[in-house]
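Peer 1: Have a peek at coords38.txt (compact mmCIF, C-alpha atoms).
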```txt
# COMPACT_ATOMS: atom_id res chain seq x y z
CA MET G 25 159.94 136.75 97.12
CA LYS G 26 156.98 134.76 98.35
CA ASP G 27 155.27 137.90 99.62
CA PHE G 28 155.65 139.56 96.21
CA TRP G 29 154.05 136.55 94.56
CA LYS G 30 151.16 136.56 97.05
CA LEU G 31 150.60 140.27 96.44
CA PHE G 32 150.64 139.79 92.69
CA ILE G 33 148.22 136.84 92.75
CA SER G 34 145.77 138.49 95.15
CA PHE G 35 145.58 141.67 93.09
CA ALA G 36 145.43 139.80 89.79
CA LYS G 37 142.44 137.88 91.19
CA ILE G 38 140.80 141.15 92.18
CA GLY G 39 141.44 142.64 88.73
CA ALA G 40 140.18 139.55 86.92
CA PHE G 41 136.91 139.14 88.82
CA THR G 42 135.69 142.66 89.45
CA PHE G 43 132.95 143.88 87.20
CA GLY G 44 131.86 147.50 87.35
CA GLY G 45 134.55 149.72 88.80
CA GLY G 46 136.04 150.68 92.12
CA TYR G 47 133.04 150.28 94.39
CA ALA G 48 132.25 146.85 92.99
CA MET G 49 135.75 145.85 94.08
CA LEU G 50 134.93 146.35 97.74
CA PRO G 51 133.76 142.76 98.42
CA MET G 52 136.86 141.37 96.67
CA PHE G 53 139.17 143.66 98.66
CA GLN G 54 137.48 142.59 101.87
CA LYS G 55 137.81 138.89 101.15
CA GLU G 56 141.36 138.91 99.77
CA LEU G 57 143.08 141.67 101.72
CA ILE G 58 141.26 141.62 105.08
CA GLU G 59 139.81 138.16 105.65
CA SER G 60 142.21 135.87 103.74
CA ARG G 61 145.57 137.67 103.93
CA LYS G 62 144.97 139.93 106.94
CA TRP G 63 147.17 142.59 105.33
CA ILE G 64 144.90 145.49 106.32
CA THR G 65 141.91 146.24 108.60
CA ASP G 66 138.35 147.31 107.70
CA GLU G 67 139.19 150.81 108.91
CA GLU G 68 142.27 151.05 106.69
CA LEU G 69 140.28 149.95 103.64
CA MET G 70 137.70 152.70 104.27
CA ASP G 71 140.48 155.25 104.68
CA TYR G 72 142.04 154.18 101.36
CA TYR G 73 138.69 154.71 99.66
CA ALA G 74 138.30 158.15 101.19
CA ILE G 75 141.80 159.16 100.08
CA SER G 76 141.20 157.71 96.59
CA GLN G 77 138.23 160.04 96.17
CA CYS G 78 140.52 163.01 96.66
CA THR G 79 143.53 161.84 94.64
CA PRO G 80 143.88 161.25 90.90
CA GLY G 81 143.53 157.87 89.27
CA VAL G 82 141.70 154.61 89.51
CA ILE G 83 140.54 153.48 92.98
CA ALA G 84 141.80 149.94 92.38
CA VAL G 85 145.31 151.17 91.62
CA ASN G 86 145.34 153.51 94.61
CA THR G 87 144.32 150.69 96.95
CA ALA G 88 146.88 148.35 95.38
CA THR G 89 149.60 150.94 95.98
CA PHE G 90 148.60 151.40 99.63
CA VAL G 91 148.42 147.68 100.39
CA GLY G 92 151.49 146.73 98.36
CA HIS G 93 153.52 149.40 100.11
CA LYS G 94 152.30 148.26 103.54
CA VAL G 95 153.28 144.64 102.86
CA LYS G 96 156.52 145.05 100.89
CA GLY G 97 157.45 148.71 100.54
CA PHE G 98 157.98 150.47 97.18
CA TRP G 99 158.37 147.32 95.05
CA GLY G 100 155.37 145.80 96.79
CA ALA G 101 153.35 148.80 95.62
CA VAL G 102 154.61 148.34 92.04
CA VAL G 103 153.92 144.57 92.04
CA ALA G 104 150.38 144.98 93.44
CA THR G 105 149.60 147.69 90.88
CA LEU G 106 150.85 145.55 87.99
CA GLY G 107 148.81 142.64 89.37
CA VAL G 108 145.55 144.57 89.39
CA ILE G 109 145.95 145.94 85.84
CA LEU G 110 147.38 142.87 84.09
CA PRO G 111 144.09 140.92 83.71
CA SER G 112 142.47 143.98 82.07
CA ILE G 113 145.32 144.34 79.58
CA ILE G 114 145.22 140.62 78.69
CA ILE G 115 141.42 140.42 78.37
CA ILE G 116 141.07 143.60 76.30
CA SER G 117 143.93 142.51 74.00
CA LEU G 118 142.19 139.18 73.44
CA ILE G 119 138.77 140.59 72.59
CA VAL G 120 139.83 143.79 70.83
CA SER G 121 139.13 142.47 67.33
CA ILE G 122 135.63 141.23 68.24
CA ILE G 123 134.81 143.96 70.72
CA ALA G 124 131.46 145.08 69.27
CA GLU G 125 130.18 141.53 68.81
CA PHE G 126 131.39 140.62 72.29
CA ALA G 127 129.42 143.31 74.10
CA GLU G 128 126.23 142.48 72.19
CA SER G 129 126.44 138.69 72.22
CA GLU G 130 123.47 137.08 73.94
CA ILE G 131 125.51 134.96 76.35
CA VAL G 132 127.52 137.94 77.58
CA VAL G 133 124.39 140.07 78.05
CA HIS G 134 122.63 137.38 80.13
CA ALA G 135 125.72 136.46 82.13
CA PHE G 136 125.98 140.12 83.04
CA GLY G 137 122.38 140.30 84.14
CA GLY G 138 123.28 137.63 86.67
CA ILE G 139 126.63 139.15 87.65
CA ARG G 140 125.12 142.58 88.29
CA ALA G 141 122.51 141.11 90.64
CA CYS G 142 125.32 139.28 92.45
CA VAL G 143 127.47 142.42 92.68
CA CYS G 144 124.57 144.28 94.34
CA ALA G 145 124.20 141.54 96.98
CA LEU G 146 127.99 141.46 97.52
CA ILE G 147 128.27 145.24 97.95
CA LEU G 148 125.33 145.22 100.39
CA SER G 149 127.08 142.61 102.53
CA SER G 150 130.29 144.71 102.45
CA ILE G 151 128.33 147.77 103.51
CA ILE G 152 126.91 145.89 106.50
CA LYS G 153 130.34 144.65 107.58
CA LEU G 154 132.15 147.98 107.10
CA GLY G 155 129.22 149.99 108.43
CA LYS G 156 129.63 148.40 111.85
CA LYS G 157 133.18 149.76 111.99
CA ALA G 158 132.36 153.20 110.61
CA ILE G 159 129.07 154.00 112.33
CA VAL G 160 129.91 153.50 115.99
CA ASP G 161 127.94 156.23 117.80
CA LYS G 162 125.36 158.99 117.36
CA LEU G 163 127.87 161.40 115.82
CA THR G 164 129.06 159.00 113.11
CA LEU G 165 125.45 157.95 112.44
CA GLY G 166 124.64 161.64 111.99
CA VAL G 167 127.48 162.10 109.49
CA PHE G 168 126.28 159.05 107.55
CA VAL G 169 122.70 160.35 107.35
CA ILE G 170 123.77 163.87 106.37
CA VAL G 171 126.11 162.70 103.59
CA THR G 172 123.45 160.27 102.31
CA LEU G 173 120.91 163.11 102.10
CA LEU G 174 123.46 165.47 100.53
CA SER G 175 124.33 162.97 97.81
CA LEU G 176 120.69 162.12 97.16
CA PHE G 177 119.41 165.67 96.85
CA THR G 178 122.37 167.81 95.79
CA SER G 179 125.13 167.44 93.23
CA ILE G 180 128.04 168.54 95.42
CA PRO G 181 131.21 166.83 94.14
CA VAL G 182 132.33 163.87 96.23
CA VAL G 183 135.81 165.38 96.75
CA LEU G 184 134.29 168.44 98.42
CA ILE G 185 132.12 166.32 100.72
CA ILE G 186 135.09 164.26 101.88
CA LEU G 187 137.29 167.35 102.36
CA ALA G 188 134.54 169.21 104.24
CA PHE G 189 134.01 166.36 106.68
CA GLY G 190 137.77 165.99 107.05
CA LEU G 191 137.87 169.64 108.10
CA ILE G 192 135.01 169.05 110.56
CA GLY G 193 136.95 166.15 112.04
CA PHE G 194 140.02 168.36 112.30
CA GLY G 195 137.99 171.05 114.05
CA LEU G 196 136.41 168.57 116.44
CA SER G 197 139.86 167.29 117.39
CA TYR G 198 140.26 170.48 119.42
CA THR G 199 137.22 169.71 121.61
CA LYS G 200 137.66 168.12 125.03
CA ALA G 201 135.68 164.96 124.25
CA PHE G 202 137.76 164.29 121.13
CA LYS G 203 141.03 165.02 122.88
CA ARG G 204 140.20 162.44 125.51
CA ARG G 205 139.19 159.91 122.86
CA PHE G 206 142.11 160.21 120.47
CA GLU G 207 145.06 161.22 122.67
CA GLU G 208 147.99 158.81 122.51
CA GLY G 209 147.01 155.40 123.87
CA ALA G 210 143.44 156.43 124.62
CA ASP G 211 141.99 154.24 121.87
CA LYS G 212 142.73 150.51 121.94
CA MET E 30 158.07 159.10 68.92
CA ARG E 31 154.30 158.89 68.69
CA LEU E 32 154.48 156.18 71.35
CA LEU E 33 156.08 158.77 73.60
CA GLN E 34 153.18 161.12 72.88
CA LEU E 35 150.74 158.32 73.76
CA ALA E 36 152.52 157.83 77.08
CA TYR E 37 152.43 161.56 77.75
CA GLU E 38 148.70 161.87 76.93
CA PHE E 39 147.75 159.03 79.29
CA PHE E 40 150.08 160.23 82.01
CA ILE E 41 148.33 163.62 81.99
CA THR E 42 144.91 161.92 81.99
CA GLY E 43 145.92 159.79 84.98
CA LEU E 44 147.20 162.87 86.75
CA LEU E 45 144.11 165.01 86.24
CA ALA E 46 141.21 162.53 86.39
CA PHE E 47 140.04 162.44 90.00
CA GLY E 48 137.73 159.78 91.40
CA GLY E 49 137.79 156.66 89.27
CA GLY E 50 137.42 155.41 85.71
CA LEU E 51 134.46 157.47 84.54
CA ALA E 52 136.42 160.62 85.33
CA THR E 53 138.80 159.72 82.49
CA LEU E 54 136.02 160.02 79.88
CA PRO E 55 136.15 163.80 79.24
CA PHE E 56 139.93 163.55 78.84
CA LEU E 57 139.58 160.73 76.33
CA TYR E 58 137.03 162.67 74.25
CA ASP E 59 139.44 165.59 74.18
CA MET E 60 142.39 163.34 73.32
CA GLY E 61 140.51 161.68 70.45
CA THR E 62 139.51 165.02 68.96
CA ARG E 63 143.00 166.48 69.17
CA THR E 64 145.02 163.51 67.96
CA GLY E 65 142.56 161.70 65.69
CA TRP E 66 143.74 158.38 67.16
CA PHE E 67 140.18 157.20 67.84
CA THR E 68 136.63 158.41 67.41
CA ASN E 69 133.89 159.21 69.93
CA GLU E 70 132.15 156.03 68.77
CA ASP E 71 135.22 154.03 69.77
CA ILE E 72 134.98 155.52 73.27
CA LEU E 73 131.25 154.81 73.60
CA ARG E 74 131.77 151.24 72.42
CA MET E 75 134.49 150.83 75.00
CA VAL E 76 132.29 152.11 77.83
CA ALA E 77 129.71 149.47 76.88
CA VAL E 78 132.35 146.75 76.67
CA SER E 79 133.95 147.78 79.96
CA GLU E 80 130.73 146.98 81.75
CA SER E 81 130.98 143.40 80.55
CA THR E 82 134.71 142.86 81.06
CA PRO E 83 136.42 142.68 84.43
CA GLY E 84 138.83 145.22 85.79
CA PRO E 85 138.95 148.97 86.37
CA LEU E 86 137.18 151.01 83.68
CA GLY E 87 140.11 153.42 83.30
CA ILE E 88 142.54 150.58 82.59
CA ASN E 89 140.18 148.93 80.11
CA MET E 90 139.74 152.22 78.27
CA SER E 91 143.44 153.02 78.07
CA THR E 92 144.33 149.49 76.95
CA TYR E 93 141.71 149.64 74.21
CA VAL E 94 142.70 153.08 72.98
CA GLY E 95 146.38 152.15 73.12
CA ILE E 96 145.79 149.00 71.06
CA LEU E 97 143.65 150.89 68.52
CA THR E 98 146.46 153.36 67.91
CA PHE E 99 149.72 151.42 68.37
CA GLY E 100 148.87 147.75 68.78
CA LEU E 101 149.63 145.65 71.85
CA LEU E 102 152.67 147.71 72.82
CA GLY E 103 150.48 150.82 72.71
CA GLY E 104 147.96 149.14 75.03
CA ILE E 105 150.63 148.35 77.58
CA VAL E 106 152.27 151.79 77.38
CA ALA E 107 148.91 153.59 77.71
CA SER E 108 147.83 151.59 80.78
CA LEU E 109 151.17 151.94 82.53
CA SER E 110 151.22 155.68 81.82
CA LEU E 111 147.70 156.03 83.21
CA VAL E 112 148.56 154.37 86.53
CA LEU E 113 151.96 156.02 87.05
CA PRO E 114 150.56 159.30 88.50
CA SER E 115 148.30 157.32 90.90
CA LEU E 116 151.22 155.25 92.07
CA LEU E 117 153.40 158.33 92.67
CA THR E 118 150.63 160.32 94.37
CA ILE E 119 149.73 157.50 96.75
CA LEU E 120 153.38 156.88 97.62
CA LEU E 121 153.60 160.56 98.51
CA VAL E 122 150.39 160.35 100.57
CA ILE E 123 151.82 157.31 102.40
CA LYS E 124 155.00 159.28 103.23
CA ILE E 125 152.93 162.12 104.69
CA LEU E 126 150.47 159.84 106.53
CA ASP E 127 153.28 157.82 108.10
CA LYS E 128 154.55 160.99 109.75
CA PHE E 129 151.20 161.87 111.27
CA LYS E 130 149.68 158.42 111.72
CA THR E 131 149.65 158.54 115.49
CA SER E 132 148.48 162.14 115.61
CA PRO E 133 145.12 162.47 117.39
CA LYS E 134 144.08 164.99 114.74
CA VAL E 135 144.51 162.50 111.88
CA LYS E 136 142.60 159.88 113.88
CA ALA E 137 139.78 162.37 114.45
CA ILE E 138 139.67 163.26 110.73
CA PHE E 139 139.34 159.65 109.61
CA TYR E 140 136.82 158.90 112.37
CA ILE E 141 134.52 161.52 110.81
CA ILE E 142 135.35 160.69 107.18
CA ARG E 143 134.62 156.94 107.51
CA PRO E 144 130.83 157.26 107.88
CA ALA E 145 130.88 159.81 105.02
CA THR E 146 132.68 157.25 102.84
CA MET E 147 130.08 154.64 103.83
CA ALA E 148 127.33 156.96 102.59
CA LEU E 149 129.14 157.31 99.24
CA ILE E 150 129.40 153.53 98.94
CA VAL E 151 125.64 153.27 99.62
CA MET E 152 125.10 155.78 96.79
CA ALA E 153 127.24 153.66 94.45
CA LEU E 154 125.13 150.62 95.37
CA ILE E 155 121.92 152.55 94.66
CA SER E 156 123.12 153.55 91.19
CA ILE E 157 124.10 149.98 90.31
CA ALA E 158 120.83 148.65 91.79
CA LYS E 159 118.76 151.04 89.66
CA VAL E 160 120.05 149.58 86.39
CA THR E 161 120.04 146.02 87.72
CA PHE E 162 116.56 145.78 89.21
CA PHE E 163 114.61 148.07 86.88
CA ASN E 164 113.97 147.59 83.18
CA VAL E 165 113.44 151.30 82.47
CA PRO E 166 115.14 154.40 83.92
CA LEU E 167 113.37 155.34 87.17
CA ASN E 168 112.59 158.92 86.10
CA GLU E 169 110.63 157.62 83.12
CA ILE E 170 108.20 155.75 85.36
CA GLY E 171 105.01 157.79 85.56
CA SER E 172 102.66 155.82 87.77
CA PHE E 173 102.57 153.61 90.83
CA SER E 174 101.59 150.53 88.81
CA GLY E 175 104.28 151.44 86.27
CA PHE E 176 106.81 151.18 89.10
CA PHE E 177 105.93 147.54 89.77
CA SER E 178 105.84 146.52 86.13
CA ALA E 179 109.28 148.12 85.65
CA ILE E 180 110.89 145.90 88.28
CA ASN E 181 113.13 143.17 86.91
CA TYR E 182 111.91 140.37 89.19
CA LYS E 183 114.41 137.78 87.91
CA THR E 184 117.50 139.77 88.97
CA LEU E 185 115.82 140.88 92.19
CA ILE E 186 115.05 137.30 93.22
CA LEU E 187 118.59 136.20 92.35
CA ALA E 188 120.09 138.99 94.48
CA VAL E 189 117.84 138.15 97.44
CA VAL E 190 118.58 134.42 97.18
CA LEU E 191 122.35 135.06 96.91
CA PHE E 192 122.41 137.47 99.82
CA ILE E 193 121.83 134.78 102.47
CA PRO E 194 124.81 132.52 101.59
CA ILE E 195 126.94 135.63 101.00
CA ILE E 196 126.55 136.79 104.60
CA LYS E 197 126.24 133.34 106.20
CA THR E 198 129.14 131.50 104.53
CA LYS E 199 132.81 132.31 104.02
CA LEU E 200 132.80 131.38 100.31
CA HIS E 201 134.87 133.59 98.01
CA PRO E 202 133.03 136.32 96.04
CA ILE E 203 134.52 134.78 92.86
CA PHE E 204 132.36 131.70 93.51
CA PHE E 205 129.17 133.76 93.71
CA ILE E 206 130.09 135.81 90.62
CA ALA E 207 130.80 132.69 88.54
CA ALA E 208 127.61 130.99 89.75
CA SER E 209 125.46 134.03 88.99
CA ALA E 210 126.95 134.34 85.49
CA ILE E 211 125.87 130.75 84.78
CA ILE E 212 122.44 131.33 86.34
CA GLY E 213 122.13 134.48 84.21
CA VAL E 214 122.77 132.55 80.99
CA ILE E 215 120.41 129.68 81.94
CA PHE E 216 117.50 131.89 83.02
CA LYS E 217 118.20 134.62 80.43
CA LEU E 218 118.51 137.45 82.97
```
Could you write out this file's structure as structure tokens?

Peer 2:
Amino acid sequence: MKDFWKLFISFAKIGAFTFGGGYAMLPMFQKELIESRKWITDEELMDYYAISQCTPGVIAVNTATFVGHKVKGFWGAVVATLGVILPSIIIISLIVSIIAEFAESEIVVHAFGGIRACVCALILSSIIKLGKKAIVDKLTLGVFVIVTLLSLFTSIPVVLIILAFGLIGFGLSYTKAFKRRFEEGADK
Amino acid sequence: MRLLQLAYEFFITGLLAFGGGLATLPFLYDMGTRTGWFTNEDILRMVAVSESTPGPLGINMSTYVGILTFGLLGGIVASLSLVLPSLLTILLVIKILDKFKTSPKVKAIFYIIRPATMALIVMALISIAKVTFFNVPLNEIGSFSGFFSAINYKTLILAVVLFIPIIKTKLHPIFFIAASAIIGVIFKL
């Protein structure tokens, strides 16, 4: 029971204090799920993001389902999902009658100027932490640079990019170097 | 009965919208036109409001649309219907992944995908940074001097100042977000 409560509270916190969508949630996920609760690793979080790009729905809900299921099985997944969406439902219900005035009110506009600057700094720090786990050699650095250039200069859908590099990884798994690296017990 | 239709509409949206909240927009425009439950202006207003309320955009949108059409119960039904396909899909993915988790092939795939995901996160940061640190859209800046006068120095300084304690201390992100909201109001960012 205690685990369910912890799951619910952690995800409700994430839902209540994330401004600006799935990627802005990254610093909150890192703090709550990796550093505080130690439910998942940096690598797992990145994998959840990659999978979320290729599956339907909201990234936050997908991550909540993954983590909830890992901690407490099916009902853990349900509890974590409800936790992450509940703050939205409550807040929107409260402001629905004043919604236009709310978005234009001076205090809200200025507060959000500050929050956006903060979110940028938070995401950058997440990128540095996660980057160390994702970019570990010349090959992974190469993938990072190529995908960065592709997204800057082309409009290839994100799903296709992820799937294409997944296929490349699958292909590389047949090479000798990769076999040695990833065979049972070879890593860690 | 119309509540059932609301649930169905949002379930389909959740099933077909890939890659986050903004992907639900085209489905909502279509839904509004077909059902007459809400107007395009309602959707645009909600996008603006979603940027200044916490939580996932998709959930905010579905709650708002649900409340507009069927009151609080509608808001709850719409949000739950939107997340149901995600929940089911991910549970299925978990089932499949569990089977192959130790497979060297799956490890190799994620080893290559991780740096690709990092690049996409960097892109997301760039798009947020553009609207945060510049007062005008970048493609409307014509000259070199125009570039510097377009920079929003207040938000830039705040981000730089915050960055040091963010990486050096173990304080919760909530603390930094709350502090920067207050700073934003005081200094009119």

Peer 1: Give me the residues within 10 Å of range 74-83 of chain G as an mmCIF file with C-alpha atoms, in the frame of the given file, counting only C-alpha atoms and dropping any in the same chain fewer than 4 places off.

Peer 2:
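Saved file around05.cif follows:
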```cif
data_model
loop_
_atom_site.group_PDB
_atom_site.id
_atom_site.type_symbol
_atom_site.label_atom_id
_atom_site.label_comp_id
_atom_site.auth_asym_id
_atom_site.auth_seq_id
_atom_site.Cartn_x
_atom_site.Cartn_y
_atom_site.Cartn_z
ATOM 1 C CA GLY G 45 134.550 149.720 88.800
ATOM 2 C CA GLY G 46 136.040 150.680 92.120
ATOM 3 C CA TYR G 47 133.040 150.280 94.390
ATOM 4 C CA MET G 49 135.750 145.850 94.080
ATOM 5 C CA GLU G 68 142.270 151.050 106.690
ATOM 6 C CA LEU G 69 140.280 149.950 103.640
ATOM 7 C CA MET G 70 137.700 152.700 104.270
ATOM 8 C CA THR G 87 144.320 150.690 96.950
ATOM 9 C CA ALA G 88 146.880 148.350 95.380
ATOM 10 C CA THR G 89 149.600 150.940 95.980
ATOM 11 C CA PRO G 181 131.210 166.830 94.140
ATOM 12 C CA VAL G 182 132.330 163.870 96.230
ATOM 13 C CA VAL G 183 135.810 165.380 96.750
ATOM 14 C CA LEU G 184 134.290 168.440 98.420
ATOM 15 C CA ILE G 185 132.120 166.320 100.720
ATOM 16 C CA ILE G 186 135.090 164.260 101.880
ATOM 17 C CA LEU G 187 137.290 167.350 102.360
ATOM 18 C CA GLY G 190 137.770 165.990 107.050
ATOM 19 C CA THR E 42 144.910 161.920 81.990
ATOM 20 C CA GLY E 43 145.920 159.790 84.980
ATOM 21 C CA LEU E 44 147.200 162.870 86.750
ATOM 22 C CA LEU E 45 144.110 165.010 86.240
ATOM 23 C CA ALA E 46 141.210 162.530 86.390
ATOM 24 C CA PHE E 47 140.040 162.440 90.000
ATOM 25 C CA GLY E 48 137.730 159.780 91.400
ATOM 26 C CA GLY E 49 137.790 156.660 89.270
ATOM 27 C CA GLY E 50 137.420 155.410 85.710
ATOM 28 C CA LEU E 51 134.460 157.470 84.540
ATOM 29 C CA ALA E 52 136.420 160.620 85.330
ATOM 30 C CA THR E 53 138.800 159.720 82.490
ATOM 31 C CA PRO E 85 138.950 148.970 86.370
ATOM 32 C CA LEU E 86 137.180 151.010 83.680
ATOM 33 C CA GLY E 87 140.110 153.420 83.300
ATOM 34 C CA ILE E 88 142.540 150.580 82.590
ATOM 35 C CA LEU E 111 147.700 156.030 83.210
ATOM 36 C CA VAL E 112 148.560 154.370 86.530
ATOM 37 C CA LEU E 113 151.960 156.020 87.050
ATOM 38 C CA PRO E 114 150.560 159.300 88.500
ATOM 39 C CA SER E 115 148.300 157.320 90.900
ATOM 40 C CA LEU E 116 151.220 155.250 92.070
ATOM 41 C CA THR E 118 150.630 160.320 94.370
ATOM 42 C CA ILE E 119 149.730 157.500 96.750
ATOM 43 C CA VAL E 122 150.390 160.350 100.570
ATOM 44 C CA PHE E 139 139.340 159.650 109.610
ATOM 45 C CA ILE E 142 135.350 160.690 107.180
ATOM 46 C CA ARG E 143 134.620 156.940 107.510
ATOM 47 C CA ALA E 145 130.880 159.810 105.020
ATOM 48 C CA THR E 146 132.680 157.250 102.840
ATOM 49 C CA MET E 147 130.080 154.640 103.830
ATOM 50 C CA LEU E 149 129.140 157.310 99.240
#
```

Peer 1: Pick from E:Ser91, E:Glu80, E:Ser172, E:Gly61: nearest to Val160 in chain E, with all atoms listed in the file counted?

Peer 2: E:Glu80

Peer 1: Using all atoms listed in the file, pick whichever of G:Leu146, G:Ile33, G:Val160, G:Ala84 has the shortest atom-to-atom distance to Arg61 in chain G.

Peer 2: G:Ile33

Peer 1: Quick one: residues within 8 Å of range 113-129 of chain G, only C-alpha atoms counted, chain neighbours fewer than 5 positions away excluded, as a VMD selection string?

Peer 2: chain E and resid 74 77 to 78 81 to 82 88 to 89 92 to 93 96 101 104 to 105 108

Peer 1: So that I can see what lies close to Thr161 in chain E, please list as a list in words the residues with an atom at most 12 Å from it, counting only C-alpha atoms and leaving out residues fewer than 6 positions away in the same chain.

Peer 2: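 Non-adjacent residues within range: Gly44, His134, Phe136, Gly137, Gly138, Ile139, Arg140, Ala141, Cys142, Val143, Cys144 and Ala145 of chain G; Leu154, Ile155, Leu167, Ala179, Ile180, Asn181, Tyr182, Lys183, Thr184, Leu185, Ile186, Leu187, Ala188 and Leu218 of chain E.
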
Peer 1: Quote the spacing between CA of Lys162 in chain G and CA of Pro51 in chain G in Å to one decimal place.

Peer 2: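 Computing it gives 26.3 Å between the two atoms.
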
Peer 1: What gap, in Å, lies between CA of Asp66 in chain G and CA of Leu154 in chain G?

Peer 2: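 Rounded to one decimal, the two atoms are 6.3 Å apart.
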
Peer 1: For chain E, which residue out of G:Thr178, G:Ser60, G:Gln54, G:Ser197 is the nearest one, using all atoms listed in the file?

Peer 2: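 Using all atoms listed in the file, chain E sits closest to G:Ser197.
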
Peer 1: Determine the nearest neighbour of chain E from the options G:Leu31, G:Val95, G:Ile58, G:Leu173, counting all atoms listed in the file.

Peer 2: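 Result for the nearest residue to chain E: G:Leu173.
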
Peer 1: Hey, can you check how far CA of Leu196 in chain G sits from CA of Ser175 in chain G?

Peer 2: 22.9 Å

Peer 1: May I ask which of the residues E:Pro133, E:Gly84, E:Gly65, E:Gly95 is the closest one to Tyr198 in chain G, counting all atoms listed in the file?

Peer 2: E:Pro133

Peer 1: If we draw a sphere of 10 Å around (142.9, 142.0, 89.6), which residues have at least one atom in it when counting only C-alpha atoms? Please report them as a VMD selection string.

Peer 2: (chain G and resid 32 to 42 49 52 to 53 84 to 85 88 104 to 112) or (chain E and resid 83 to 85)

Peer 1: Padding of 4 Å on every side, edges along x, y and z, all listed atoms of range 145-151 of chain G included: what centre and edge lengths in Å, to one decimal, does that box have, as JSON?

Peer 2:
```
{"center_x": 127.2, "center_y": 144.6, "center_z": 100.2, "size_x": 14.1, "size_y": 14.3, "size_z": 14.5}
```

Peer 1: Check the smallest atom-to-atom distance from each of G:Val103, G:Ile180, G:Ile64, G:Leu148 to chain E using all atoms listed in the file, then report the winner.

Peer 2: G:Leu148
